[in-house]
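Undergrad: What follows is model.tsv, made up of TSV, C-alpha atoms:
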chain	number	residue	atom	x	y	z
A	1	MET	CA	-93.79	-152.80	70.00
A	2	ARG	CA	-90.01	-152.18	69.94
A	3	THR	CA	-88.25	-150.61	72.81
A	4	SER	CA	-85.81	-147.76	72.35
A	5	GLY	CA	-82.96	-150.17	73.17
A	6	GLU	CA	-83.99	-152.49	70.32
A	7	SER	CA	-84.16	-149.55	67.86
A	8	ALA	CA	-80.75	-148.30	68.87
A	9	ASN	CA	-79.31	-151.80	68.53
A	10	ARG	CA	-80.87	-152.14	65.06
A	11	TRP	CA	-79.36	-148.78	63.96
A	12	GLU	CA	-75.96	-149.84	65.27
A	13	GLN	CA	-76.14	-153.03	63.23
A	14	LEU	CA	-77.14	-151.11	60.08
A	15	SER	CA	-74.39	-148.54	60.64
A	16	PHE	CA	-71.80	-151.26	61.16
A	17	GLY	CA	-72.99	-153.05	58.01
A	18	ALA	CA	-72.79	-149.85	55.96
A	19	ALA	CA	-69.30	-149.07	57.27
A	20	THR	CA	-68.18	-152.60	56.47
A	21	ALA	CA	-69.55	-152.28	52.94
A	22	VAL	CA	-67.70	-148.99	52.40
A	23	VAL	CA	-64.43	-150.41	53.72
A	24	THR	CA	-64.86	-153.49	51.53
A	25	ALA	CA	-65.56	-151.34	48.44
A	26	VAL	CA	-62.48	-149.18	49.10
A	27	ALA	CA	-60.32	-152.29	49.58
A	28	LEU	CA	-61.68	-153.81	46.36
A	29	ALA	CA	-60.96	-150.58	44.46
A	30	GLY	CA	-57.42	-150.64	45.83
A	31	ILE	CA	-56.91	-154.22	44.70
A	32	ILE	CA	-58.24	-153.42	41.22
A	33	ALA	CA	-55.97	-150.37	40.94
A	34	THR	CA	-52.98	-152.46	42.02
A	35	LEU	CA	-53.76	-155.13	39.43
A	36	VAL	CA	-54.09	-152.53	36.68
A	37	LEU	CA	-50.76	-150.95	37.62
A	38	GLN	CA	-49.07	-154.36	37.80
A	39	ALA	CA	-50.41	-155.26	34.35
A	40	ARG	CA	-49.06	-151.98	32.96
A	41	GLU	CA	-45.65	-152.53	34.54
A	42	THR	CA	-45.55	-156.10	33.23
A	43	LYS	CA	-46.32	-154.87	29.72
A	44	ILE	CA	-43.56	-152.26	29.96
A	45	SER	CA	-41.10	-154.87	31.25
A	46	ARG	CA	-41.93	-157.26	28.41
A	47	GLU	CA	-41.50	-154.50	25.84
A	48	GLU	CA	-38.18	-153.48	27.36
A	49	ALA	CA	-36.96	-157.10	27.34
A	50	ARG	CA	-38.01	-157.43	23.69
A	51	ARG	CA	-36.14	-154.27	22.74
A	52	ILE	CA	-33.04	-155.41	24.60
A	53	ALA	CA	-33.12	-158.72	22.73
A	54	ILE	CA	-33.46	-156.95	19.38
A	55	ALA	CA	-30.65	-154.56	20.31
A	56	GLU	CA	-28.38	-157.51	21.06
A	57	LEU	CA	-29.22	-159.11	17.72
A	58	LEU	CA	-28.53	-155.83	15.92
A	59	LYS	CA	-25.19	-155.44	17.72
A	60	MET	CA	-24.19	-158.89	16.50
A	61	ALA	CA	-25.22	-157.98	12.94
A	62	MET	CA	-23.28	-154.72	13.13
A	63	ASP	CA	-20.13	-156.67	13.96
A	64	ASP	CA	-20.55	-159.51	11.48
A	65	PRO	CA	-21.53	-159.01	7.81
A	66	ASP	CA	-22.71	-162.62	7.59
A	67	LEU	CA	-25.19	-162.04	10.42
A	68	ASP	CA	-26.19	-158.69	8.94
A	69	ALA	CA	-27.27	-160.51	5.76
A	70	ALA	CA	-29.56	-162.71	7.87
A	71	TRP	CA	-31.81	-159.66	8.45
A	72	GLY	CA	-32.50	-159.50	4.75
A	73	PRO	CA	-30.62	-158.71	1.57
A	74	VAL	CA	-27.88	-156.15	1.92
A	75	PRO	CA	-27.93	-153.93	-1.17
A	76	ALA	CA	-24.87	-154.49	-3.36
A	77	GLY	CA	-22.26	-151.84	-2.88
A	78	GLU	CA	-23.86	-150.44	0.26
A	79	ASP	CA	-21.40	-148.65	2.51
A	80	ARG	CA	-20.81	-150.86	5.56
A	81	LYS	CA	-20.13	-147.87	7.80
A	82	ALA	CA	-23.38	-146.15	6.79
A	83	ARG	CA	-25.36	-149.37	7.32
A	84	ARG	CA	-23.89	-149.82	10.81
A	85	GLN	CA	-24.73	-146.19	11.63
A	86	LEU	CA	-28.35	-146.73	10.56
A	87	MET	CA	-28.62	-149.83	12.74
A	88	TYR	CA	-27.15	-147.94	15.67
A	89	ILE	CA	-29.48	-144.98	15.19
A	90	ASN	CA	-32.41	-147.39	15.08
A	91	MET	CA	-31.39	-148.69	18.52
A	92	ILE	CA	-31.08	-145.13	19.85
A	93	ILE	CA	-34.50	-144.14	18.55
A	94	SER	CA	-36.05	-147.33	19.93
A	95	GLU	CA	-34.66	-146.45	23.36
A	96	TRP	CA	-35.99	-142.89	23.01
A	97	GLN	CA	-39.41	-144.26	22.11
A	98	MET	CA	-39.51	-146.52	25.17
A	99	SER	CA	-38.45	-143.62	27.38
A	100	PHE	CA	-41.05	-141.32	25.83
A	101	GLU	CA	-43.84	-143.89	26.06
A	102	THR	CA	-43.09	-144.53	29.75
A	103	LYS	CA	-42.92	-140.76	30.31
A	104	ALA	CA	-39.28	-140.92	31.43
A	105	THR	CA	-38.36	-138.48	28.65
A	106	PRO	CA	-40.49	-135.34	28.35
A	107	GLU	CA	-41.41	-133.90	24.97
A	108	THR	CA	-39.05	-130.94	25.32
A	109	ARG	CA	-36.09	-133.27	25.88
A	110	LEU	CA	-37.15	-135.50	22.98
A	111	ARG	CA	-37.32	-132.49	20.69
A	112	ALA	CA	-33.87	-131.32	21.73
A	113	ILE	CA	-32.12	-134.67	21.27
A	114	SER	CA	-33.87	-135.50	18.00
A	115	ARG	CA	-33.13	-132.03	16.62
A	116	GLU	CA	-29.45	-132.63	17.42
A	117	MET	CA	-29.47	-136.09	15.78
A	118	PHE	CA	-31.19	-134.80	12.66
A	119	SER	CA	-28.64	-132.00	12.30
A	120	ALA	CA	-26.09	-134.60	11.08
A	121	HIS	CA	-26.14	-136.65	7.89
A	122	PRO	CA	-26.50	-140.15	9.49
A	123	GLY	CA	-29.57	-139.09	11.50
A	124	ARG	CA	-31.22	-137.48	8.51
A	125	ALA	CA	-30.43	-140.50	6.32
A	126	TYR	CA	-31.95	-142.82	8.91
A	127	TRP	CA	-35.20	-140.86	9.19
A	128	ARG	CA	-35.51	-140.58	5.40
A	129	GLU	CA	-35.36	-144.38	5.17
A	130	ALA	CA	-37.27	-145.34	8.32
A	131	ARG	CA	-39.88	-142.58	8.56
A	132	GLN	CA	-42.70	-144.20	6.61
A	133	VAL	CA	-42.42	-147.60	8.28
A	134	ARG	CA	-42.08	-146.20	11.79
A	135	MET	CA	-45.00	-143.80	11.40
A	136	SER	CA	-47.30	-146.37	9.79
A	137	THR	CA	-46.64	-149.02	12.43
A	138	SER	CA	-47.22	-146.86	15.53
A	139	GLU	CA	-49.62	-148.92	17.65
A	140	THR	CA	-50.53	-146.46	20.38
A	141	LYS	CA	-51.45	-142.80	20.63
A	142	ARG	CA	-48.22	-142.14	22.54
A	143	ALA	CA	-46.15	-143.93	19.83
A	144	ARG	CA	-47.87	-141.88	17.12
A	145	ARG	CA	-47.08	-138.71	19.07
A	146	PHE	CA	-43.45	-139.82	19.43
A	147	HIS	CA	-43.06	-140.29	15.68
A	148	GLN	CA	-44.89	-137.05	14.94
A	149	ILE	CA	-42.41	-135.16	17.16
A	150	LEU	CA	-39.45	-136.81	15.39
A	151	ASP	CA	-40.92	-135.92	12.02
A	152	GLU	CA	-41.47	-132.31	13.06
A	153	GLU	CA	-37.88	-132.02	14.26
A	154	TYR	CA	-36.59	-133.67	11.09
A	155	ASN	CA	-38.45	-131.13	8.96
Could you rewrite the structure in this file as structure tokens?
TA:
Amino acid sequence: MRTSGESANRWEQLSFGAATAVVTAVALAGIIATLVLQARETKISREEARRIAIAELLKMAMDDPDLDAAWGPVPAGEDRKARRQLMYINMIISEWQMSFETKATPETRLRAISREMFSAHPGRAYWREARQVRMSTSETKRARRFHQILDEEYN
């Protein structure tokens, strides 16, 4: 038969084991949450680096007609100024998209700045040409929402 001291010791061991298990589970959850956040930040950083690289390539093409032609055929007689404006607007909208997707730009701000851009001819010309491709290639729910907002403000 167990003595009361043995029973108390057994309960202490069980309590300590349960507390250890809880602390371990909380620590594991913290590690998992950290890894998920790091993966998200890494993805955002990669996307930002990709967009910066594309922006640099576009800047070079905007300055040099020979490099511009490397992106694909330039329609004969196309106005160089208008083409450069479209490339520039594409870079602006790409930056807006990154900011919107990372929640750095709220929807109200996006609506205001896109409404202003679409009030001028170059912005409207860009969206007329780019709308279909941009909307059909949205890969995430947030990207689809971004393009939907732009389309609403354009209209």
Undergrad: Quick one: of A:Met98, A:Ala112, A:Ile32, A:Met60, who's nearest to Glu153 (chain A), counting only C-alpha atoms?
TA: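 With only C-alpha atoms as the atom set, the closest residue is A:Ala112.
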Undergrad: What does the structure give for the distance between CA of Ala69 (chain A) and CA of Arg83 (chain A), in Å to one decimal?
TA: 11.4 Å
Undergrad: Could you pull the residues within 12 Å of Lys103 (chain A), counting all atoms listed in the file, minus those fewer than 4 positions along the same chain, as a count of residues only?
TA: 12
Undergrad: With only C-alpha atoms as the basis for distance, which of A:Leu67, A:Ser94, A:Ala29, A:Ser114 is at the shortest distance from Arg134 (chain A)?
TA: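 Using only C-alpha atoms, Arg134 (chain A) sits closest to A:Ser94.
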Undergrad: For a test of reading the model, state the distance in Å between CA of Gly72 (chain A) and CA of Tyr154 (chain A), rounded to one decimal.
TA: 26.9 Å
Undergrad: What separation in Å, quoted to one decimal, exists between CA of Trp71 (chain A) and CA of Asn90 (chain A)?
TA: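 Separating CA of Trp71 (chain A) from CA of Asn90 (chain A) is a distance of 14.0 Å.
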Undergrad: Set up a box along x, y and z of the file covering all listed atoms of region 68-84 of chain A, add 6 Å on every one of the six sides, and write the centre and edge lengths in Å to one decimal, as JSON.
TA:
{"center_x": -26.3, "center_y": -154.4, "center_z": 3.7, "size_x": 24.4, "size_y": 28.6, "size_z": 26.2}
Undergrad: Using only C-alpha atoms, pick whichever of A:Lys59, A:Asn155, A:Ala19, A:Leu35 has the shortest atom-to-atom distance to Met91 (chain A).
TA: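 With only C-alpha atoms as the atom set, the closest residue is A:Lys59.
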Undergrad: Nearest to Pro122 (chain A): which of A:Leu150, A:Ile93, A:Leu37, A:Leu86 is it, counting all atoms listed in the file?
TA: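 Answer, going by the shortest atom-to-atom distance: A:Leu86.
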Undergrad: Skip region 46-48 of chain A itself and residues of its chain fewer than 5 positions away, then list as a list in words all residues within 9 Å of it, counting all atoms listed in the file.
TA: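 Here the qualifying residues turn out to be Glu41, Ala53, Glu95 and Met98 of chain A.
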Undergrad: Which residue gives the smallest distance to Trp127 (chain A) among A:Glu139, A:Glu152, A:Ile31, A:Arg145, with all atoms listed in the file counted?
TA: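 Looking at the shortest contact to Trp127 (chain A), the residue is A:Glu152.
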Undergrad: So which one's closest to Ile52 (chain A), A:Tyr126, A:Gly77, A:Val23, A:Ile92? Using all atoms listed in the file, please.
TA: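 Between A:Tyr126, A:Gly77, A:Val23, A:Ile92, the residue approaching Ile52 (chain A) most closely is A:Ile92.
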